[in-house]
Amino acid sequence: MTELRTTVNSFDLFDTLLARKCVDSQGIFTIVERAFGASGFAAARRAAEFRLAEIRPAFDIHDIYGVLVDTGTVTRADADRLLAAEIDAEFDNAVPVAENLRRVREGDLVVSDMYLPPEVLRRLLQHVGLRSHVNLYVSNLGKHFGRIWPELASRWIIATHVGDNLHSDVETPRRHGIPTIHYTGTQPSRAESMVAGNGFPALARIMRSLRLRNPHDTGSPAHELWRHGSQFNLPLLVFLAQMLRARRDAAGVKKILFSARDCYLAAEIFSTLFPGEPSEYIHVSREVLFSGGTAERDYLLQRGLRDSVVCDIAATGSSWHGFAHRHGIRVRLFTLIFIDNWPLARVAPQEVVASDKLDFSYALRSSALNPYSPAIEVLNPAPHGTALGVDPTGSFFSPRLARTSEFDPQLVAVLVQCHNAAIAMLRKDRAELVAEMAAPPVATMASLVEAISSSPLLNSLGKQLQWPPSFGPMMN
């Protein structure tokens with residue numbers, strides 16, 4: 001009696017179900033080389049693999065390290081240590097490709113041309129969150145040459161094969177009548193390529209890792225919010241952190257104050273990247289600054305206003321201008337975007353810039369961006385209501401906040417979830433990120449803000465916040 005075949009979907013493994021933070025296997029070898037100070041190891045490791053591929057139809061990582069020992073490249077003891085370090089590096093660099101992992105069902109097939117043993121690959125899949133049982137088929141070049149497909153087709157009816165390699169995952173299975181999906185999501189996005197090309201490769205890798213971890217269904221509003229957070233808002237806030245340090249040093253002050261609520265996320269990114277540098281999140285709002293009395297003034301002075309740079313995400317400068325002049329206090333304000341073309345601003349932009357009480361600086365002007373809308377505020381919410389004032393108790397001050405945020409709680413939850421994932425990555429790679437810090441490219445920052453301003457979803461959500469109708473792009 002002929003055994004009935006089960007219908008399954010088939011998935012490639014690397015760059016389909018999981019990606020490497022370091023992008024490819026050569027990056028793994030380089031990590032091992034640097035960790036052990038083993039000069040030339042990465043090139044020798046690659047050469048040993050190529051040598052085996054030319055002379056043997058099947059081999060694994062143990063055979064590769066055997067070649068390194070036989071050729072006198074490393075000792076047996078060193079080979080054991082390097083092999084273990086390579087496998088550890090694979091786990092350390094494993095990034096889940098969430099949208100494909102969600103598609104895997106019990107009994108599906110995972111195929112890979114790979115030198116790592118099946119037991120290691122299965123643990124890697126578990127490591128990135130796959131909990132379904134899958135049938136794992138590992139070969140060296142069986143997928144590349146198409147040798148595996150007749151055997152697999154004799155065991156299963158393969159409804160679809162999904163993979164990233166145009167030859168191995170698309171062309172060869174199609175020759176055997178298997179429908180395919182060419183997955184290209186692990187390739188660097190336009191924003192990631194732009195950031196990496198401007199000298200920030202570590203930041204670009206984090207953007208890619210965060211994008212691939214998106215836990216929400218493709219096409220859903222939550223998925224789009226996460227994508228915008230990873231691709232545009234995260235690099236902007238990292239660049240903002242570096243610009244703030246430069247502005248602080250130029251002003252000769254000690255501290256950075258992040259104003260609520262737009263800087264809720266920016267404040268934590270700064271303290272994650274530069275934990276030893278004084279910074280604080282302060283509860284102020286436009287109305288508090290315009291109408292606040294001595295309690296609000298004393299609260300800000302206690303937080304170090306006189307010896308600080310205040311940060312905002314997007315501002316006309318009007319509220320801080322009013323506060324500085326009303327209380328006779330010099331304020332240093334830096335904003336990512338100077339909104340200089342809002343006709344309803346309480347203080348004209350030229351008056352803000354020329355103020356003798358407000359030392360005002362910025363990275364971008366809204367009038368120079370095409371398009372610009374306040375959509376960036378949607379990506380920078382806080383899980384608390386706006387500041388209404390402060391209540392003094394002796395020498396202490398308690399911020400008084402609105403009971404609810406004007407942002408939709410589900411929106412805030414998605415963006416905070418994305419932010420928390422980003423913070424974990426920034427914390428882990430902080431040294432590498434700080435080492436590549438330089439003057440942020442203003443043109444790149446402008447492109448990122450314009451991408452945010454072009455988002456129909458963000459602009460639609462922004463309308464719910466009753467933004468001023470004078471911003472044309474917001475109302476299109």
# chains A, B, ... in the order shown; residues from 1 in each chain; ligands from 1

call {"tool": "select_by_dssp", "arguments": {"residues": "segment 83-125 of chain A", "states": "strand (DSSP E)", "output": "PDB file with C-alpha atoms, in the first residue's frame"}}
result
ATOM      1  CA  ALA A  94      20.580  35.112  15.567  1.00  0.00           C
ATOM      2  CA  VAL A  95      17.717  37.470  14.708  1.00  0.00           C
ATOM      3  CA  PRO A  96      14.178  36.110  14.268  1.00  0.00           C
ATOM      4  CA  LEU A 109       9.721  21.394   6.307  1.00  0.00           C
ATOM      5  CA  VAL A 110      12.889  23.431   6.888  1.00  0.00           C
ATOM      6  CA  VAL A 111      15.720  22.874   4.410  1.00  0.00           C
ATOM      7  CA  SER A 112      19.220  24.303   4.516  1.00  0.00           C
ATOM      8  CA  ASP A 113      22.517  24.025   2.679  1.00  0.00           C
TER       9      ASP A 113
END

call {"tool": "closest_residue", "arguments": {"among": "A:Leu83, A:Leu461, A:Val69, A:Ile157", "to": "Tyr115 of chain A", "atoms": "only C-alpha atoms"}}
result
A:Leu83

call {"tool": "closest_residue", "arguments": {"among": "A:Leu257, A:Val74, A:Ala421, A:Leu152", "to": "Leu136 of chain A", "atoms": "only C-alpha atoms"}}
result
A:Leu152

call {"tool": "closest_residue", "arguments": {"among": "A:Cys22, A:Ala446, A:Leu336, A:Val352", "to": "Leu240 of chain A", "atoms": "only C-alpha atoms"}}
result
A:Leu336

call {"tool": "atom_distance", "arguments": {"atom1": "atom CA of Thr180 of chain A", "atom2": "atom CA of His161 of chain A"}}
result
4.7 Å

call {"tool": "atom_distance", "arguments": {"atom1": "atom CA of Val138 of chain A", "atom2": "atom CA of Asp12 of chain A"}}
result
10.2 Å

call {"tool": "atom_distance", "arguments": {"atom1": "atom CA of Val378 of chain A", "atom2": "atom CA of Leu401 of chain A"}}
result
19.2 Å

call {"tool": "residues_around", "arguments": {"residues": "segment 23-29 of chain A", "least_positions_apart": "2", "cutoff": "9 Å", "atoms": "only C-alpha atoms", "output": "VMD selection string"}}
result
chain A and resid 15 19 to 21 31 to 34 41 to 43 45 to 46 86 to 87 89 to 90 93 186 to 187 205

call {"tool": "residues_around", "arguments": {"residues": "Gly304 of chain A", "least_positions_apart": "5", "cutoff": "10 Å", "atoms": "only C-alpha atoms", "output": "list in words"}}
result
Lys254, Lys255, Ile256, Leu257, Ser279, Glu280, Asp298, Tyr299 and Val309 of chain A

call {"tool": "residues_around", "arguments": {"residues": "Ala191 of chain A", "least_positions_apart": "6", "cutoff": "10 Å", "atoms": "only C-alpha atoms", "output": "list in words"}}
result
Gly197, Ala204, Met207, Arg208, Ser230, Gln231, Phe232, Pro235, Thr444, Ser447, Leu448 and Ala451 of chain A

call {"tool": "residues_around", "arguments": {"residues": "Gly252 of chain A", "least_positions_apart": "4", "cutoff": "12 Å", "atoms": "only C-alpha atoms", "output": "list in words"}}
result
Arg245, Ala246, Arg247, Arg248, Ile256, Arg306, Asp307, Ser308, Val309 and Arg332 of chain A

call {"tool": "write_last_selection", "arguments": {"atoms": "C-alpha atoms", "output": "PDB file, in the first residue's frame"}}
result
ATOM      1  CA  ARG A 245      26.084  66.264  23.451  1.00  0.00           C
ATOM      2  CA  ALA A 246      27.734  68.587  20.946  1.00  0.00           C
ATOM      3  CA  ARG A 247      25.306  71.388  21.794  1.00  0.00           C
ATOM      4  CA  ARG A 248      25.798  70.860  25.540  1.00  0.00           C
ATOM      5  CA  ILE A 256      20.487  67.753  29.300  1.00  0.00           C
ATOM      6  CA  ARG A 306      20.304  77.283  34.439  1.00  0.00           C
ATOM      7  CA  ASP A 307      23.104  74.807  33.703  1.00  0.00           C
ATOM      8  CA  SER A 308      21.368  72.642  31.100  1.00  0.00           C
ATOM      9  CA  VAL A 309      20.283  72.316  27.502  1.00  0.00           C
ATOM     10  CA  ARG A 332      19.077  76.979  26.202  1.00  0.00           C
TER      11      ARG A 332
END
